[in-house]
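Reviewing the structure listed below.
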Amino acid sequence: MHKKLLCLAGFAAFVWAQAPAPKKAALDKAALEAYVRHLFVIDSRVAVQVGDPKPSTELPGFNDIVVHASAGQQSSDIKLFVSKDGSRIIQGSVYEVANNPFKADLDKLKTDGAPNFGTQGAPVVLVEFSDFECPYCKEEAAMLRANIPAGYTKQVHVYFIPFPLANIHPWANTGAIAGMCVAKQSNDMFWTYHDWIFLHQTDITAENAKDKIMEWAKLQQGLNTVALGQCIDTKAPEPQIEKWTAMARSVGVGQTPTLYVNGRKMEGAADWPTLKSVIDNEIEYQKTAKNAGEDCGCTLNLSLPGLKKQ
């Protein structure tokens, strides 16, 4: 009996030794980070965060993984398709010919309550993420305000989404809050504020921002300055601004200004000829496609290479 037990124990040990070693987890985040750093030549000064895998709806058998790279206020998201076993990586975009190529971002862009100008129902919707203290935003604001009303009043509808980079721009958040307080009273008055604050950008500091804004407000007919001051003090629009900021992050906004033209991302201060070309192309395309803009019949509330960055 004793020998029999020894034989059984020996057999069990043999079986255990022959059993395959437990498989490693399909995704080794540290290994993927090292691979991505090498692939894109990302040095140690840039923080890299590998997101959690999610089953891909675009490539069966693969997971969607977003790698977030950041340095200061600059950031970039790299979308990867990683095979279930972690052995293959694909970088790129998958398009369905039956849908708008920018549908994924169009579905996320929500412009409810955002200041706007242009014509409701226009075939081209332009969503601008901007920071009142950003010098490149000042350039782009002047370009948009000079050219869109002059030639595209019926074809383009522009929405302004505040995206204050508070870590590097001390009064940007105050400017955004005040702007939304003004917009709450009057959409038209917001654009007067928008033009004024960009024009006087270099005169404003974190210390004098509210005083300057209130001085401007006292000169505007029909603006309730008491309500405006209270709105600024209580930071009433801040929850909405935070929602818009989260939305911006969800579509990969990492700098200002950033424009979306019917979902097409344009980073940095684009020049008018470049933007005009994109708008004209979209107007012509939407005559038959009708899968973007506000007359598309789709759910819409609402990349060219970036140029200048802030």
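A note on labels: chains of the structure tokens are A, B, ... as shown, every chain counts residues from 1, and ligands are counted from 1 in their shown order.
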Exercise for review: Just list the residues in segment 28-79 of chain A DSSP gives strand (DSSP E) on the backbone, as a list in words.
Suggested key: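 So, restricting segment 28-79 of chain A to strand (DSSP E), we get Ala47, Val48, Gln49, Val50, Lys54, Pro55, Phe62, Asn63, Asp64, Ile65, Val66, Val67, His68, Ala69, Ser70, Ala71, Gln74, Ser75, Ser76, Asp77, Ile78 and Lys79 of chain A.
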Review point. Hey, what's within 8 Å of Ile232 of chain A if we count only C-alpha atoms and toss same-chain stuff fewer than 4 positions away? As a VMD selection string, please?
Key: chain A and resid 174 177 to 178 181 228 236
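When only C-alpha atoms are used to measure the gap to Ala183 of chain A, the shortest distance among A:Ala34, A:Ala209, A:Ala150, A:Leu223 belongs to A:Leu223.
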Check your understanding: as a ChimeraX atom specification, which residues of segment 45-284 of chain A does DSSP assign to helix (DSSP H, G or I)?
Key -> /A:103-106,135-151,172-185,187-199,201-203,209-218,225-234,238-250,272-284
Review point. Could you name the residues that touch segment 96-99 of chain A at 12 Å or less, counting only C-alpha atoms, but leaving out those on the same chain fewer than 3 positions away, as a PyMOL selection string?
Key: chain A and resi 57-59+93+102-104+106-107+289-292+296+298
**Study point:** Shell of 9 Å around Gly61 of chain A, only C-alpha atoms, local chain residues under 3 positions omitted, as a list in words
**Key:**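 Result of the neighbour search: Pro55, Ser56, Val82, Ser83 and Lys84 of chain A.
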Residues just named, written with N, CA and C atoms as an mmCIF file, in the first residue's frame:
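To be explicit, this is the file written out as selection_28.cif:
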```
data_model
loop_
_atom_site.group_PDB
_atom_site.id
_atom_site.type_symbol
_atom_site.label_atom_id
_atom_site.label_comp_id
_atom_site.auth_asym_id
_atom_site.auth_seq_id
_atom_site.Cartn_x
_atom_site.Cartn_y
_atom_site.Cartn_z
ATOM 1 N N PRO A 55 -12.890 45.249 -26.568
ATOM 2 C CA PRO A 55 -13.157 44.508 -27.806
ATOM 3 C C PRO A 55 -13.488 45.459 -28.951
ATOM 4 N N SER A 56 -12.790 45.301 -30.058
ATOM 5 C CA SER A 56 -12.980 46.206 -31.189
ATOM 6 C C SER A 56 -14.278 45.909 -31.924
ATOM 7 N N VAL A 82 -4.956 45.716 -31.259
ATOM 8 C CA VAL A 82 -4.042 44.680 -30.766
ATOM 9 C C VAL A 82 -4.774 43.351 -30.767
ATOM 10 N N SER A 83 -4.155 42.327 -31.366
ATOM 11 C CA SER A 83 -4.788 41.012 -31.428
ATOM 12 C C SER A 83 -5.031 40.475 -30.025
ATOM 13 N N LYS A 84 -6.012 39.590 -29.914
ATOM 14 C CA LYS A 84 -6.398 39.065 -28.601
ATOM 15 C C LYS A 84 -5.229 38.441 -27.857
#
```
Check your understanding: Contacts of Val36 of chain A at 12 Å or less, counting only C-alpha atoms, minus same-chain residues fewer than 2 places along, as a list in words?
Key ->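 Once the nearby chain positions are removed, what remains is Lys29, Ala30, Ala31, Leu32, Glu33, Ala34, His38, Leu39, Phe40, Val41, Ile42, Asp43, Ala47, Val48, Gln49, Val50, Ile65, Val66, Val67, His68, Ala69, Asp77, Ile78, Lys79, Leu80, Ile89, Ile90 and Gln91 of chain A.
Separating atom CA of Gly175 of chain A from atom CA of Ala146 of chain A is a distance of 21.9 Å.
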